[in-house]
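work27.tsv (TSV, C-alpha atoms)
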```tsv
chain	number	residue	atom	x	y	z
M	985	MET	CA	-10.57	-55.98	10.52
M	986	LYS	CA	-12.69	-55.78	7.39
M	987	ARG	CA	-12.64	-52.35	5.84
M	988	LYS	CA	-15.83	-50.54	4.88
M	989	ARG	CA	-16.51	-49.75	1.24
M	990	LEU	CA	-15.41	-46.16	1.77
M	991	ILE	CA	-11.73	-46.96	1.42
M	992	ALA	CA	-11.89	-49.97	-0.88
M	993	ALA	CA	-8.74	-49.38	-2.92
M	994	ILE	CA	-8.71	-49.00	-6.65
M	995	LEU	CA	-4.95	-49.33	-7.21
M	996	ALA	CA	-4.06	-47.78	-10.55
M	997	VAL	CA	-2.46	-50.42	-12.75
M	998	ALA	CA	-1.05	-49.56	-16.18
M	999	ALA	CA	-1.43	-52.40	-18.70
M	1000	ALA	CA	1.26	-53.49	-21.16
M	1001	LEU	CA	3.49	-50.46	-20.64
M	1002	THR	CA	6.88	-50.44	-22.33
M	1003	MET	CA	10.19	-49.13	-21.01
M	1004	SER	CA	10.54	-45.45	-21.82
M	1005	ALA	CA	12.71	-42.44	-21.16
M	1006	CYS	CA	12.04	-41.29	-17.63
M	1007	GLY	CA	11.30	-37.83	-16.25
M	1008	ASP	CA	9.91	-36.40	-13.04
M	1009	VAL	CA	6.40	-37.06	-11.81
M	1010	GLU	CA	4.52	-36.17	-8.65
M	1011	PHE	CA	2.44	-38.62	-6.64
M	1012	SER	CA	-1.08	-38.28	-8.03
M	1013	PRO	CA	-3.73	-38.98	-5.39
M	1014	VAL	CA	-6.60	-38.58	-7.86
M	1015	GLN	CA	-5.31	-41.55	-9.85
M	1016	GLY	CA	-4.67	-43.90	-6.95
M	1017	GLY	CA	-1.48	-45.68	-6.03
M	1018	LEU	CA	1.29	-46.15	-3.49
M	1019	TYR	CA	4.05	-43.72	-2.47
M	1020	VAL	CA	7.16	-44.81	-0.55
M	1021	ASN	CA	9.30	-42.32	1.36
M	1022	ASP	CA	13.02	-42.65	1.94
M	1023	ASP	CA	12.35	-43.08	5.67
M	1024	HIS	CA	10.27	-46.14	4.70
M	1025	THR	CA	6.94	-44.65	5.68
M	1026	LEU	CA	4.23	-44.94	3.04
M	1027	LYS	CA	1.30	-43.03	1.62
M	1028	SER	CA	-1.57	-44.35	-0.46
M	1029	SER	CA	-4.53	-42.89	-2.26
M	1030	TYR	CA	-7.86	-44.57	-2.94
M	1031	VAL	CA	-10.34	-43.38	-5.50
M	1032	GLU	CA	-13.94	-44.49	-5.10
M	1033	ASP	CA	-16.91	-43.72	-7.33
M	1034	PHE	CA	-19.79	-42.69	-5.08
M	1035	SER	CA	-22.18	-41.40	-7.70
M	1036	GLY	CA	-25.65	-42.53	-6.69
M	1037	GLU	CA	-24.56	-43.82	-3.30
M	1038	GLY	CA	-26.74	-41.40	-1.37
M	1039	LEU	CA	-24.03	-40.70	1.23
M	1040	ASN	CA	-22.77	-37.21	2.01
M	1041	LEU	CA	-19.14	-36.30	2.58
M	1042	ASP	CA	-19.54	-35.84	6.35
M	1043	GLU	CA	-20.95	-39.37	6.67
M	1044	LEU	CA	-18.09	-40.78	4.61
M	1045	LYS	CA	-15.49	-38.98	6.71
M	1046	SER	CA	-17.09	-40.24	9.92
M	1047	MET	CA	-16.98	-43.81	8.63
M	1048	ALA	CA	-13.32	-43.51	7.74
M	1049	GLN	CA	-12.36	-41.83	11.00
M	1050	ALA	CA	-14.05	-44.53	13.08
M	1051	GLU	CA	-12.41	-47.27	11.04
M	1052	ILE	CA	-8.87	-45.86	11.27
M	1053	ALA	CA	-9.21	-45.03	14.97
M	1054	ALA	CA	-10.30	-48.62	15.62
M	1055	TYR	CA	-7.29	-49.94	13.71
M	1056	ASN	CA	-4.87	-47.70	15.64
M	1057	GLN	CA	-6.48	-48.67	18.94
M	1058	GLU	CA	-6.13	-52.35	18.10
M	1059	LYS	CA	-2.53	-52.13	16.88
M	1060	ALA	CA	-1.02	-49.49	19.15
M	1061	GLY	CA	-3.55	-48.51	21.84
M	1062	LEU	CA	-3.98	-45.09	20.22
M	1063	ASN	CA	-7.60	-44.08	19.68
M	1064	TYR	CA	-6.90	-41.47	17.00
M	1065	TYR	CA	-7.51	-41.32	13.26
M	1066	SER	CA	-5.13	-38.49	12.32
M	1067	ALA	CA	-1.74	-37.18	13.40
M	1068	GLN	CA	-3.38	-33.75	13.60
M	1069	GLN	CA	-5.30	-34.93	16.66
M	1070	LEU	CA	-2.14	-35.49	18.67
M	1071	GLY	CA	-1.23	-32.78	21.19
M	1072	GLU	CA	2.14	-31.35	22.16
M	1073	GLU	CA	2.43	-33.84	25.01
M	1074	GLN	CA	2.32	-36.62	22.42
M	1075	GLU	CA	5.12	-35.22	20.30
M	1076	GLY	CA	7.00	-38.07	18.65
M	1077	THR	CA	4.00	-40.41	18.78
M	1078	VAL	CA	3.46	-42.14	15.45
M	1079	LEU	CA	0.08	-43.55	14.48
M	1080	PRO	CA	0.13	-46.83	12.53
M	1081	ILE	CA	-2.27	-45.20	10.04
M	1082	SER	CA	-3.26	-41.55	9.75
M	1083	ILE	CA	-5.90	-39.95	7.54
M	1084	GLU	CA	-4.24	-37.14	5.61
M	1085	ASN	CA	-7.28	-36.05	3.64
M	1086	ILE	CA	-10.69	-37.16	2.43
M	1087	ALA	CA	-12.33	-34.99	-0.21
M	1088	MET	CA	-14.24	-35.06	-3.44
M	1089	ASP	CA	-12.09	-34.83	-6.57
M	1090	GLU	CA	-12.35	-31.26	-7.85
M	1091	GLU	CA	-12.26	-32.39	-11.48
M	1092	ASN	CA	-14.60	-35.37	-11.12
M	1093	THR	CA	-17.11	-34.69	-8.39
M	1094	ASN	CA	-18.41	-38.27	-8.54
M	1095	ASN	CA	-15.09	-39.51	-7.14
M	1096	LEU	CA	-14.07	-39.43	-3.51
M	1097	VAL	CA	-10.32	-39.48	-2.86
M	1098	ALA	CA	-8.91	-40.72	0.46
M	1099	ILE	CA	-5.21	-40.27	1.25
M	1100	LEU	CA	-3.72	-42.32	4.10
M	1101	ASP	CA	-0.27	-42.35	5.71
M	1102	TYR	CA	1.27	-45.57	7.06
M	1103	ALA	CA	4.06	-45.89	9.60
M	1104	THR	CA	5.31	-49.18	8.15
M	1105	ALA	CA	4.89	-51.53	5.22
M	1106	ALA	CA	3.39	-54.03	7.66
M	1107	ASP	CA	0.58	-51.58	8.47
M	1108	TYR	CA	-0.08	-51.13	4.77
M	1109	VAL	CA	-0.23	-54.90	4.21
M	1110	THR	CA	-2.46	-55.56	7.22
M	1111	TYR	CA	-4.95	-52.81	6.40
M	1112	ASN	CA	-5.03	-53.47	2.65
M	1113	SER	CA	-4.86	-57.27	2.67
M	1114	ASP	CA	-8.13	-57.71	0.77
M	1115	ASP	CA	-7.08	-55.34	-1.98
M	1116	ILE	CA	-3.57	-56.76	-2.19
M	1117	GLY	CA	-5.13	-60.19	-2.67
M	1118	THR	CA	-7.44	-58.85	-5.36
M	1119	ASN	CA	-4.38	-57.43	-7.10
M	1120	GLY	CA	-2.64	-60.80	-7.10
M	1121	GLY	CA	-0.38	-60.95	-4.05
M	1122	THR	CA	0.20	-60.91	-0.31
M	1123	THR	CA	3.48	-59.13	0.39
M	1124	LEU	CA	5.13	-55.72	0.61
M	1125	SER	CA	8.44	-54.97	2.30
M	1126	VAL	CA	10.63	-51.86	2.46
M	1127	GLY	CA	14.21	-51.57	3.67
M	1128	THR	CA	17.75	-50.86	2.54
M	1129	VAL	CA	19.82	-53.00	0.22
M	1130	ASP	CA	22.16	-54.09	3.00
M	1131	GLN	CA	19.27	-54.84	5.38
M	1132	SER	CA	16.50	-55.89	3.02
M	1133	PRO	CA	13.64	-57.79	4.69
M	1134	THR	CA	13.39	-59.83	1.47
M	1135	ALA	CA	16.43	-61.48	-0.13
M	1136	ILE	CA	17.35	-59.65	-3.34
M	1137	GLU	CA	17.34	-62.12	-6.22
M	1138	GLY	CA	16.33	-62.48	-9.85
M	1139	SER	CA	17.20	-60.49	-12.98
M	1140	PHE	CA	17.58	-56.72	-12.89
M	1141	VAL	CA	17.91	-53.78	-15.26
M	1142	THR	CA	18.44	-50.05	-14.88
M	1143	ILE	CA	15.42	-47.86	-15.62
M	1144	LYS	CA	16.89	-47.43	-19.10
M	1145	GLY	CA	16.69	-51.19	-19.63
M	1146	LYS	CA	20.40	-52.02	-19.32
M	1147	PRO	CA	21.08	-55.40	-17.61
M	1148	VAL	CA	22.81	-55.16	-14.24
M	1149	GLU	CA	24.33	-57.81	-11.99
M	1150	ILE	CA	23.05	-58.30	-8.44
M	1151	SER	CA	26.63	-57.92	-7.22
M	1152	GLU	CA	26.62	-54.32	-8.45
M	1153	ILE	CA	23.34	-53.65	-6.67
M	1154	MET	CA	24.63	-55.14	-3.42
M	1155	GLU	CA	27.46	-52.59	-3.42
M	1156	LYS	CA	24.83	-49.87	-2.95
M	1157	GLY	CA	23.96	-50.87	0.59
M	1158	GLU	CA	22.42	-47.50	1.49
M	1159	TYR	CA	19.94	-47.56	-1.41
M	1160	HIS	CA	16.31	-48.32	-0.58
M	1161	VAL	CA	14.59	-51.50	-1.75
M	1162	ILE	CA	10.88	-52.23	-2.16
M	1163	TYR	CA	9.58	-55.74	-2.73
M	1164	LEU	CA	5.97	-56.52	-3.62
M	1165	ASP	CA	4.10	-59.32	-5.37
M	1166	PHE	CA	0.91	-57.56	-6.45
M	1167	ALA	CA	-0.10	-55.18	-9.22
M	1168	ALA	CA	0.36	-51.53	-8.29
M	1169	THR	CA	1.62	-48.16	-9.40
M	1170	VAL	CA	4.49	-47.18	-7.08
M	1171	THR	CA	6.07	-43.73	-6.77
M	1172	VAL	CA	9.20	-43.25	-4.66
M	1173	ASN	CA	10.59	-40.20	-2.91
M	1174	GLY	CA	13.83	-40.36	-4.86
M	1175	THR	CA	15.16	-41.77	-8.11
M	1176	VAL	CA	14.65	-45.37	-9.16
M	1177	LYS	CA	18.03	-46.90	-10.00
M	1178	TYR	CA	17.29	-50.59	-10.60
M	1179	ILE	CA	14.18	-52.68	-11.18
M	1180	SER	CA	13.49	-56.37	-11.70
M	1181	THR	CA	12.83	-57.24	-15.31
M	1182	ASN	CA	9.10	-57.72	-14.68
M	1183	VAL	CA	8.68	-54.07	-13.59
M	1184	SER	CA	7.73	-51.32	-16.06
M	1185	CYS	CA	9.16	-47.82	-15.81
M	1186	LEU	CA	6.85	-44.82	-16.22
M	1187	THR	CA	9.21	-42.06	-15.04
M	1188	LYS	CA	12.42	-41.92	-13.06
M	1189	ASN	CA	10.45	-42.24	-9.83
M	1190	THR	CA	7.28	-44.13	-10.82
M	1191	VAL	CA	6.93	-47.76	-11.92
M	1192	THR	CA	4.22	-50.39	-12.27
M	1193	THR	CA	4.31	-54.00	-11.10
M	1194	GLN	CA	2.41	-57.09	-12.18
M	1195	ALA	CA	-0.01	-59.36	-10.30
M	1196	GLY	CA	1.40	-62.54	-8.84
M	1197	GLN	CA	5.03	-61.73	-9.58
M	1198	GLY	CA	7.69	-60.80	-7.04
M	1199	SER	CA	9.07	-57.40	-8.03
M	1200	PHE	CA	11.96	-55.33	-6.71
M	1201	ILE	CA	12.31	-51.55	-6.95
M	1202	ILE	CA	15.60	-50.06	-5.79
M	1203	PHE	CA	15.88	-46.31	-5.41
M	1204	LYS	CA	18.28	-43.69	-4.13
```
Using structure tokens, write down the structure from this file.
Amino acid sequence: MKRKRLIAAILAVAAALTMSACGDVEFSPVQGGLYVNDDHTLKSSYVEDFSGEGLNLDELKSMAQAEIAAYNQEKAGLNYYSAQQLGEEQEGTVLPISIENIAMDEENTNNLVAILDYATAADYVTYNSDDIGTNGGTTLSVGTVDQSPTAIEGSFVTIKGKPVEISEIMEKGEYHVIYLDFAATVTVNGTVKYISTNVSCLTKNTVTTQAGQGSFIIFK
């Protein structure tokens, strides 16, 4: 399903960042990016400049709601666009994608910010395939070290830049592992412990990846 321009992602990508001391950071929807929870659900924000578009916020919301409801109907037979629409009798039902919020950025009123929740990495990849391709890749997977959907390989360092052997990483079977091959800013609900050498650390829970390169992020 081809997405409308409303939620065309502008994934925030930091260029030529160097390894630095890491501190806390919160997921920043107004900057765009991807957030991965420790239950392997995901959240993403999209920032779109609508100055001069001639569309009002209600029209934009209606477009997004119809688009997400159609996706959920196609993938899971659930004609809803938000978890808030589900009643008590549907407790435990999980939508493949749910609109968390769509609003104008309070600091830059030309920007519309859309925040979406995803049940799985596969839903994120399917829905964002065009943008993932634009950002240089095709793949995103999330799991644990001992049950990683993607074989863990390559060269790794700690977020402080110290080399680490894969054998040490494999001993941390309960840690969470993200693999992606496109450029993105990724924030995790936890602390990043190890990254492949082609990943740049921003803080102890936010990193950036490069286009066209397979990257691993392992967090606790």
(request) Have a look at M:Ala1195, M:Val1097, M:Ile1202, M:Ile1081 and name the one nearest to Lys1156 in chain M; count all atoms listed in the file. (result) M:Ile1202
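As for CA of Ile1099 in chain M and CA of Lys1027 in chain M, they are spaced 7.1 Å apart.
Minimum atom-to-atom distances from M:Ala1048, M:Ile1179, M:Ala1106, M:Ser1028 to Ile1143 in chain M were compared using all atoms listed in the file, and the lowest value belongs to M:Ile1179.
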(request) Quote the spacing between CA of Gly1017 in chain M and CA of Gly1117 in chain M in Å to one decimal place. (result)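 Taking CA of Gly1017 in chain M and CA of Gly1117 in chain M, their separation equals 15.3 Å.
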(message) Taking all atoms listed in the file into account, name the residue in M:Phe1200, M:Phe1166, M:Tyr1111, M:Tyr1065 that is nearest to Thr1142 in chain M.
(response)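 Checking each of M:Phe1200, M:Phe1166, M:Tyr1111, M:Tyr1065 against Thr1142 in chain M, counting all atoms listed in the file, the winner is M:Phe1200.
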(request) Give me the residues within 9 Å of Ser1125 in chain M as a ChimeraX atom specification, counting all atoms listed in the file and dropping any in the same chain fewer than 5 places off. (result) /M:1104-1106,1109,1132-1134,1161-1164
Output file for the residues above (C-alpha atoms, as a tab-separated table (two decimals), keeping the file's coordinate frame):
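Result file is selection_34.tsv:
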```tsv
chain	number	residue	atom	x	y	z
M	1104	THR	CA	5.31	-49.18	8.15
M	1105	ALA	CA	4.89	-51.53	5.22
M	1106	ALA	CA	3.39	-54.03	7.66
M	1109	VAL	CA	-0.23	-54.90	4.21
M	1132	SER	CA	16.50	-55.89	3.02
M	1133	PRO	CA	13.64	-57.79	4.69
M	1134	THR	CA	13.39	-59.83	1.47
M	1161	VAL	CA	14.59	-51.50	-1.75
M	1162	ILE	CA	10.88	-52.23	-2.16
M	1163	TYR	CA	9.58	-55.74	-2.73
M	1164	LEU	CA	5.97	-56.52	-3.62
```
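Minimum atom-to-atom distances from M:Gln1068, M:Gln1131, M:Asn1112, M:Ser1180 to Asn1085 in chain M were compared using only C-alpha atoms, and the lowest value belongs to M:Gln1068.
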Would you mind writing range 1056-1067 of chain M with all heavy atoms, as a CSV table (one decimal), in the coordinates of the input?
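The resulting part34.csv:
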```csv
chain,number,residue,atom,x,y,z
M,1056,ASN,N,-6.0,-48.2,14.8
M,1056,ASN,CA,-4.9,-47.7,15.6
M,1056,ASN,C,-5.0,-48.1,17.1
M,1056,ASN,O,-4.0,-48.4,17.8
M,1056,ASN,CB,-4.8,-46.2,15.5
M,1056,ASN,CG,-4.3,-45.7,14.2
M,1056,ASN,OD1,-3.6,-46.4,13.5
M,1056,ASN,ND2,-4.7,-44.5,13.8
M,1057,GLN,N,-6.2,-48.2,17.6
M,1057,GLN,CA,-6.5,-48.7,18.9
M,1057,GLN,C,-6.1,-50.1,19.1
M,1057,GLN,O,-5.4,-50.5,20.0
M,1057,GLN,CB,-8.0,-48.5,19.3
M,1057,GLN,CG,-8.3,-49.0,20.7
M,1057,GLN,CD,-7.7,-48.2,21.8
M,1057,GLN,OE1,-7.6,-47.0,21.8
M,1057,GLN,NE2,-7.1,-48.9,22.8
M,1058,GLU,N,-6.4,-50.9,18.1
M,1058,GLU,CA,-6.1,-52.4,18.1
M,1058,GLU,C,-4.6,-52.6,18.0
M,1058,GLU,O,-4.1,-53.5,18.7
M,1058,GLU,CB,-6.8,-53.0,16.9
M,1058,GLU,CG,-6.5,-54.5,16.8
M,1058,GLU,CD,-7.2,-55.2,15.6
M,1058,GLU,OE1,-8.1,-54.5,15.0
M,1058,GLU,OE2,-6.8,-56.3,15.2
M,1059,LYS,N,-3.9,-51.9,17.1
M,1059,LYS,CA,-2.5,-52.1,16.9
M,1059,LYS,C,-1.6,-51.4,17.9
M,1059,LYS,O,-0.5,-52.0,18.1
M,1059,LYS,CB,-2.2,-51.7,15.4
M,1059,LYS,CG,-2.9,-52.5,14.4
M,1059,LYS,CD,-2.6,-54.0,14.4
M,1059,LYS,CE,-3.4,-54.7,13.3
M,1059,LYS,NZ,-3.1,-56.2,13.4
M,1060,ALA,N,-2.0,-50.3,18.3
M,1060,ALA,CA,-1.0,-49.5,19.2
M,1060,ALA,C,-1.6,-48.8,20.4
M,1060,ALA,O,-0.9,-48.1,21.1
M,1060,ALA,CB,-0.4,-48.4,18.3
M,1061,GLY,N,-2.9,-49.1,20.7
M,1061,GLY,CA,-3.6,-48.5,21.8
M,1061,GLY,C,-3.7,-47.0,21.7
M,1061,GLY,O,-3.8,-46.3,22.7
M,1062,LEU,N,-3.8,-46.5,20.5
M,1062,LEU,CA,-4.0,-45.1,20.2
M,1062,LEU,C,-5.3,-44.8,19.5
M,1062,LEU,O,-5.5,-45.2,18.3
M,1062,LEU,CB,-2.8,-44.6,19.3
M,1062,LEU,CG,-1.4,-44.7,20.0
M,1062,LEU,CD1,-0.4,-44.5,18.9
M,1062,LEU,CD2,-1.3,-43.7,21.1
M,1063,ASN,N,-6.3,-44.3,20.2
M,1063,ASN,CA,-7.6,-44.1,19.7
M,1063,ASN,C,-7.7,-42.8,18.9
M,1063,ASN,O,-8.5,-41.8,19.3
M,1063,ASN,CB,-8.6,-44.2,20.8
M,1063,ASN,CG,-10.1,-44.2,20.3
M,1063,ASN,OD1,-10.3,-44.7,19.2
M,1063,ASN,ND2,-11.0,-43.7,21.0
M,1064,TYR,N,-6.9,-42.7,17.8
M,1064,TYR,CA,-6.9,-41.5,17.0
M,1064,TYR,C,-7.0,-41.9,15.5
M,1064,TYR,O,-6.5,-43.0,15.2
M,1064,TYR,CB,-5.6,-40.6,17.2
M,1064,TYR,CG,-5.4,-40.2,18.6
M,1064,TYR,CD1,-4.6,-40.9,19.5
M,1064,TYR,CD2,-6.1,-39.0,19.1
M,1064,TYR,CE1,-4.4,-40.5,20.8
M,1064,TYR,CE2,-5.9,-38.6,20.4
M,1064,TYR,CZ,-5.0,-39.3,21.3
M,1064,TYR,OH,-4.8,-38.9,22.6
M,1065,TYR,N,-7.5,-41.0,14.7
M,1065,TYR,CA,-7.5,-41.3,13.3
M,1065,TYR,C,-6.6,-40.4,12.4
M,1065,TYR,O,-6.4,-40.6,11.2
M,1065,TYR,CB,-8.9,-41.2,12.7
M,1065,TYR,CG,-9.6,-39.8,12.9
M,1065,TYR,CD1,-9.3,-38.8,12.0
M,1065,TYR,CD2,-10.5,-39.6,14.0
M,1065,TYR,CE1,-9.9,-37.5,12.2
M,1065,TYR,CE2,-11.1,-38.4,14.1
M,1065,TYR,CZ,-10.8,-37.3,13.3
M,1065,TYR,OH,-11.3,-36.1,13.5
M,1066,SER,N,-6.0,-39.4,13.1
M,1066,SER,CA,-5.1,-38.5,12.3
M,1066,SER,C,-4.0,-38.0,13.2
M,1066,SER,O,-4.3,-37.7,14.4
M,1066,SER,CB,-5.9,-37.3,11.8
M,1066,SER,OG,-5.1,-36.3,11.2
M,1067,ALA,N,-2.8,-37.8,12.7
M,1067,ALA,CA,-1.7,-37.2,13.4
M,1067,ALA,C,-2.1,-35.8,13.9
M,1067,ALA,O,-1.5,-35.3,14.9
M,1067,ALA,CB,-0.5,-37.2,12.5
```
